[in-house]
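Visitor: Take a look at this one; I'll ask things after.
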Amino acid sequence: MTNNNVLKGVVLVGLGATSYGMLATFVKMAYGEGFTTAEVTVSQFLFGIIGILLINAFQRKKNNNTAVKASRKNITQLMVAGTSTGLTSIFYYLAVKFDIPVSIAIVLLMQTVWMGVLLEMFLEKKLPSLIKVVAVVIVLIGTALATNLMNSEVNLNPLGIFFGMLAAASFTTTMFTANSVATEISSAQRSLYMLLGGGTMVLLFALITQILPNQSETMADALGVFSTAQDFNFTIFLKWGIVLSLFGTIIPPMLLNAGFPHTGIGLGSIVSSLELPVSVLMAFFLLNEKVILVQWIGIVLIILAIVIMNIRFKSNKA
């Protein structure tokens, strides 16, 4: 692996992570215009599926239809795996919806670091290494600082924290399944079928929380905080749909899939942690969210934990 290829991979992974980091701020801005979580997620996934369809068509034409095609089993497995992709977006956006600042929502999403270690322990049925335990402890300390939990004046919505942690759990599932299901077919095909699975969950969420409640007052009352009591606003497709799909479901997967083979998992994971500071900076500049020094220290600690967990990438390459 040449230095040029590694540098290329670092740039691609960095740009992909940066795109993801911008997403929550755009969602918050869409909320400010009165759009709902159902409208945001549906528009993102619809345009995302269209975009990936076009990319697949272009690749088929370029390869003269010689690429390995997905079997029915591949499609089923990828769509089931993709449901966690849809749930991650739903839970993450709900966390932002319930008054959780973007700078804290991204910190909650980064709990995938210790959740991944825990899931790996159960799947492999062995205790994690000392270096992973140390990294988890650093993440927990960093989270306490980054969310400013020490400040008694901070009042975070428990529902927002709950959905933020659910987003992290769902994202952990996505990371494990995305790298192990139907790896013999192209990344564009895999992205398409996973998006279709995620889109199914998003559509069900929209039906349950917005479309059906408008047809039944009883259902709306039962759903409580999830009921929007308004018709689906299709202007979301024109105002935010393309932006959200580009930065959430099209650009990042393409760049990450192209970059990780050059960087390896270790270096790629470290570079992808750029998502955390980018998200905080976007919220700081565009949403005027206040981020104090102790929170920056917590963010640095979380990034440090990711570096520690992947510090052996050099020896692995050798």
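Residues in the structure tokens are numbered from 1 in each chain, the chains being A, B, ... in the order shown, and ligands are numbered from 1 in the order shown.
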Enumerate as a PyMOL selection string all residues of region 82-308 of chain A assigned to alpha helix (DSSP H) by DSSP on the backbone, naming them with the chain letters and numbers the document uses.

Guide: chain A and resi 82-97+102-109+112-124+130-146+158-178+187-206+217-223+236+242-245+251-272+275-286+293-308

Visitor: Would you tabulate, counting only C-alpha atoms, all residues of region 103-218 of chain A that have an atom at most 9 Å from an atom of region 289-310 of chain A, showing the closest pair of atoms and their distance in Å to one decimal, sorted by chain then ascending number, as CSV?

Guide:
residue,atom,partner,partner_atom,distance
A:Ser103,CA,A:Val291,CA,7.6
A:Val107,CA,A:Ile299,CA,7.6
A:Met110,CA,A:Ile302,CA,8.0
A:Val113,CA,A:Ile306,CA,7.2
A:Ile131,CA,A:Met309,CA,6.5
A:Lys132,CA,A:Met309,CA,5.8
A:Val134,CA,A:Ala305,CA,7.9
A:Ala135,CA,A:Ala305,CA,4.6
A:Val136,CA,A:Ala305,CA,7.1
A:Val137,CA,A:Ala305,CA,8.5
A:Ile138,CA,A:Ala305,CA,5.9
A:Val139,CA,A:Ile302,CA,4.9
A:Leu140,CA,A:Ile302,CA,8.1
A:Ile141,CA,A:Gly298,CA,7.2
A:Gly142,CA,A:Gly298,CA,3.8
A:Thr143,CA,A:Gly298,CA,6.0
A:Ala144,CA,A:Gly298,CA,7.2
A:Leu145,CA,A:Gly298,CA,4.6
A:Ala146,CA,A:Gln295,CA,3.8
A:Thr147,CA,A:Gln295,CA,6.5
A:Asn148,CA,A:Gln295,CA,6.2

Visitor: Enumerate, in order of chain and increasing residue number, the residues of region 250-316 of chain A with an atom no farther than 6 Å from region 19-32 of chain A, each with its shortest atom pair and distance in Å to one decimal, counting only C-alpha atoms, as CSV.

Guide:
residue,atom,partner,partner_atom,distance
A:Glu275,CA,A:Gly21,CA,4.4
A:Val278,CA,A:Gly21,CA,5.3
A:Ser279,CA,A:Gly21,CA,4.2
A:Ala283,CA,A:Thr25,CA,5.8

Visitor: Point out the residue among A:Thr18, A:Ser191, A:Thr174, A:Asn4 with the least atom-to-atom distance to Gly116 (chain A), counting only C-alpha atoms.

Guide: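 Of the candidates, the smallest distance to Gly116 (chain A) is held by A:Thr174.
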
Visitor: Would you list the contacts of Thr37 (chain A) as a list of chain:residue names, taking every protein, DNA or RNA residue within 8 Å and counting only C-alpha atoms, but skipping same-chain residues closer than 6 positions in sequence?

Guide: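 Residues near the query, excluding close chain neighbours: A:Tyr31, A:Ile90, A:Tyr93, A:Leu94, A:Lys97.
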
Visitor: Which residues are close to Gly197 (chain A), i.e. within 6 Å by only C-alpha atoms, leaving aside same-chain residues fewer than 5 positions away? Reply as a list in words.

Guide: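 Near neighbours after the sequence-gap exclusion: Met79, Val80, Gly82 and Thr83 of chain A.
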
Visitor: Using the selection just defined, write its residues with C-alpha atoms as a compact mmCIF listing (two decimals), in the first residue's frame.

Guide:
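To be explicit, this is the file written out as out_22.txt:
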# COMPACT_ATOMS: atom_id res chain seq x y z
CA MET A 79 -32.76 -5.19 3.41
CA VAL A 80 -33.04 -6.74 6.89
CA GLY A 82 -30.66 -1.95 6.35
CA THR A 83 -33.56 -1.58 8.77

Visitor: Would you please work out which residue, of A:Arg72, A:Lys126, A:Arg60, A:Lys239, is nearest to Ala188 (chain A) when using only C-alpha atoms?

Guide: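 Going through A:Arg72, A:Lys126, A:Arg60, A:Lys239 one by one, the smallest distance to Ala188 (chain A) is for A:Arg60.
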
Visitor: Expressed in Å to a single decimal, how great is the separation between CA of Ala81 (chain A) and CA of Ile242 (chain A)?

Guide: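 About the pair CA of Ala81 (chain A) and CA of Ile242 (chain A): they are 24.1 Å apart.
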
Visitor: For Met282 (chain A), which residue out of A:Gly198, A:Pro101, A:Ser269, A:Ala57 is the nearest one, using only C-alpha atoms?

Guide: A:Pro101

Visitor: Contacts of Ser186 (chain A) at 9 Å or less, counting only C-alpha atoms, minus same-chain residues fewer than 2 places along, as a PDB file with all heavy atoms, in the first residue's frame?

Guide:
ATOM      1  N   ALA A  67     -20.721  -7.008 -13.656  1.00  0.00           N
ATOM      2  CA  ALA A  67     -20.575  -7.068 -12.203  1.00  0.00           C
ATOM      3  C   ALA A  67     -21.445  -8.181 -11.621  1.00  0.00           C
ATOM      4  O   ALA A  67     -22.478  -8.560 -12.198  1.00  0.00           O
ATOM      5  CB  ALA A  67     -20.961  -5.733 -11.578  1.00  0.00           C
ATOM      6  N   VAL A  68     -21.015  -8.707 -10.483  1.00  0.00           N
ATOM      7  CA  VAL A  68     -21.783  -9.756  -9.794  1.00  0.00           C
ATOM      8  C   VAL A  68     -23.125  -9.180  -9.347  1.00  0.00           C
ATOM      9  O   VAL A  68     -23.187  -8.128  -8.707  1.00  0.00           O
ATOM     10  CB  VAL A  68     -21.010 -10.277  -8.565  1.00  0.00           C
ATOM     11  CG1 VAL A  68     -21.838 -11.312  -7.800  1.00  0.00           C
ATOM     12  CG2 VAL A  68     -19.670 -10.859  -8.994  1.00  0.00           C
ATOM     13  N   LYS A  69     -24.204  -9.870  -9.709  1.00  0.00           N
ATOM     14  CA  LYS A  69     -25.539  -9.394  -9.354  1.00  0.00           C
ATOM     15  C   LYS A  69     -25.985 -10.003  -8.027  1.00  0.00           C
ATOM     16  O   LYS A  69     -25.642 -11.136  -7.703  1.00  0.00           O
ATOM     17  CB  LYS A  69     -26.532  -9.749 -10.463  1.00  0.00           C
ATOM     18  CG  LYS A  69     -26.270  -9.010 -11.771  1.00  0.00           C
ATOM     19  CD  LYS A  69     -27.320  -9.336 -12.811  1.00  0.00           C
ATOM     20  CE  LYS A  69     -27.064  -8.568 -14.106  1.00  0.00           C
ATOM     21  NZ  LYS A  69     -28.067  -8.878 -15.147  1.00  0.00           N
ATOM     22  N   ALA A  70     -26.774  -9.233  -7.298  1.00  0.00           N
ATOM     23  CA  ALA A  70     -27.263  -9.692  -5.998  1.00  0.00           C
ATOM     24  C   ALA A  70     -28.292 -10.802  -6.175  1.00  0.00           C
ATOM     25  O   ALA A  70     -29.187 -10.702  -7.025  1.00  0.00           O
ATOM     26  CB  ALA A  70     -27.878  -8.527  -5.230  1.00  0.00           C
ATOM     27  N   ALA A 182     -23.324  -9.953   2.444  1.00  0.00           N
ATOM     28  CA  ALA A 182     -23.271  -9.872   0.973  1.00  0.00           C
ATOM     29  C   ALA A 182     -22.098  -9.033   0.476  1.00  0.00           C
ATOM     30  O   ALA A 182     -22.241  -8.182  -0.403  1.00  0.00           O
ATOM     31  CB  ALA A 182     -24.589  -9.320   0.435  1.00  0.00           C
ATOM     32  N   THR A 183     -20.915  -9.303   1.015  1.00  0.00           N
ATOM     33  CA  THR A 183     -19.739  -8.513   0.642  1.00  0.00           C
ATOM     34  C   THR A 183     -19.224  -8.826  -0.757  1.00  0.00           C
ATOM     35  O   THR A 183     -18.346  -8.124  -1.267  1.00  0.00           O
ATOM     36  CB  THR A 183     -18.605  -8.745   1.659  1.00  0.00           C
ATOM     37  OG1 THR A 183     -18.353 -10.161   1.762  1.00  0.00           O
ATOM     38  CG2 THR A 183     -18.986  -8.213   3.031  1.00  0.00           C
ATOM     39  N   GLU A 184     -19.777  -9.871  -1.392  1.00  0.00           N
ATOM     40  CA  GLU A 184     -19.289 -10.249  -2.718  1.00  0.00           C
ATOM     41  C   GLU A 184     -19.857  -9.376  -3.838  1.00  0.00           C
ATOM     42  O   GLU A 184     -19.388  -9.434  -4.977  1.00  0.00           O
ATOM     43  CB  GLU A 184     -19.614 -11.724  -3.005  1.00  0.00           C
ATOM     44  CG  GLU A 184     -21.112 -12.049  -3.121  1.00  0.00           C
ATOM     45  CD  GLU A 184     -21.750 -12.357  -1.771  1.00  0.00           C
ATOM     46  OE1 GLU A 184     -21.133 -12.044  -0.736  1.00  0.00           O
ATOM     47  OE2 GLU A 184     -22.881 -12.894  -1.772  1.00  0.00           O
ATOM     48  N   ALA A 188     -22.275  -0.249  -4.313  1.00  0.00           N
ATOM     49  CA  ALA A 188     -23.459   0.494  -4.756  1.00  0.00           C
ATOM     50  C   ALA A 188     -24.713  -0.359  -4.629  1.00  0.00           C
ATOM     51  O   ALA A 188     -25.769   0.118  -4.203  1.00  0.00           O
ATOM     52  CB  ALA A 188     -23.278   0.967  -6.195  1.00  0.00           C
ATOM     53  N   GLN A 189     -24.618  -1.651  -4.995  1.00  0.00           N
ATOM     54  CA  GLN A 189     -25.765  -2.552  -4.842  1.00  0.00           C
ATOM     55  C   GLN A 189     -26.104  -2.752  -3.372  1.00  0.00           C
ATOM     56  O   GLN A 189     -27.278  -2.733  -2.987  1.00  0.00           O
ATOM     57  CB  GLN A 189     -25.464  -3.905  -5.486  1.00  0.00           C
ATOM     58  CG  GLN A 189     -25.422  -3.907  -6.995  1.00  0.00           C
ATOM     59  CD  GLN A 189     -25.259  -5.319  -7.535  1.00  0.00           C
ATOM     60  OE1 GLN A 189     -26.212  -6.100  -7.592  1.00  0.00           O
ATOM     61  NE2 GLN A 189     -24.035  -5.664  -7.915  1.00  0.00           N
ATOM     62  N   ARG A 190     -25.060  -2.935  -2.566  1.00  0.00           N
ATOM     63  CA  ARG A 190     -25.282  -3.134  -1.136  1.00  0.00           C
ATOM     64  C   ARG A 190     -25.942  -1.902  -0.523  1.00  0.00           C
ATOM     65  O   ARG A 190     -26.868  -2.005   0.283  1.00  0.00           O
ATOM     66  CB  ARG A 190     -23.962  -3.445  -0.434  1.00  0.00           C
ATOM     67  CG  ARG A 190     -23.344  -4.762  -0.890  1.00  0.00           C
ATOM     68  CD  ARG A 190     -21.955  -4.994  -0.323  1.00  0.00           C
ATOM     69  NE  ARG A 190     -22.031  -5.334   1.082  1.00  0.00           N
ATOM     70  CZ  ARG A 190     -21.515  -4.614   2.063  1.00  0.00           C
ATOM     71  NH1 ARG A 190     -20.878  -3.490   1.796  1.00  0.00           N
ATOM     72  NH2 ARG A 190     -21.616  -5.004   3.313  1.00  0.00           N
ATOM     73  N   SER A 191     -25.481  -0.727  -0.917  1.00  0.00           N
ATOM     74  CA  SER A 191     -26.061   0.521  -0.400  1.00  0.00           C
ATOM     75  C   SER A 191     -27.523   0.640  -0.790  1.00  0.00           C
ATOM     76  O   SER A 191     -28.366   1.072   0.006  1.00  0.00           O
ATOM     77  CB  SER A 191     -25.270   1.728  -0.935  1.00  0.00           C
ATOM     78  OG  SER A 191     -23.945   1.712  -0.474  1.00  0.00           O
TER      79      SER A 191
END
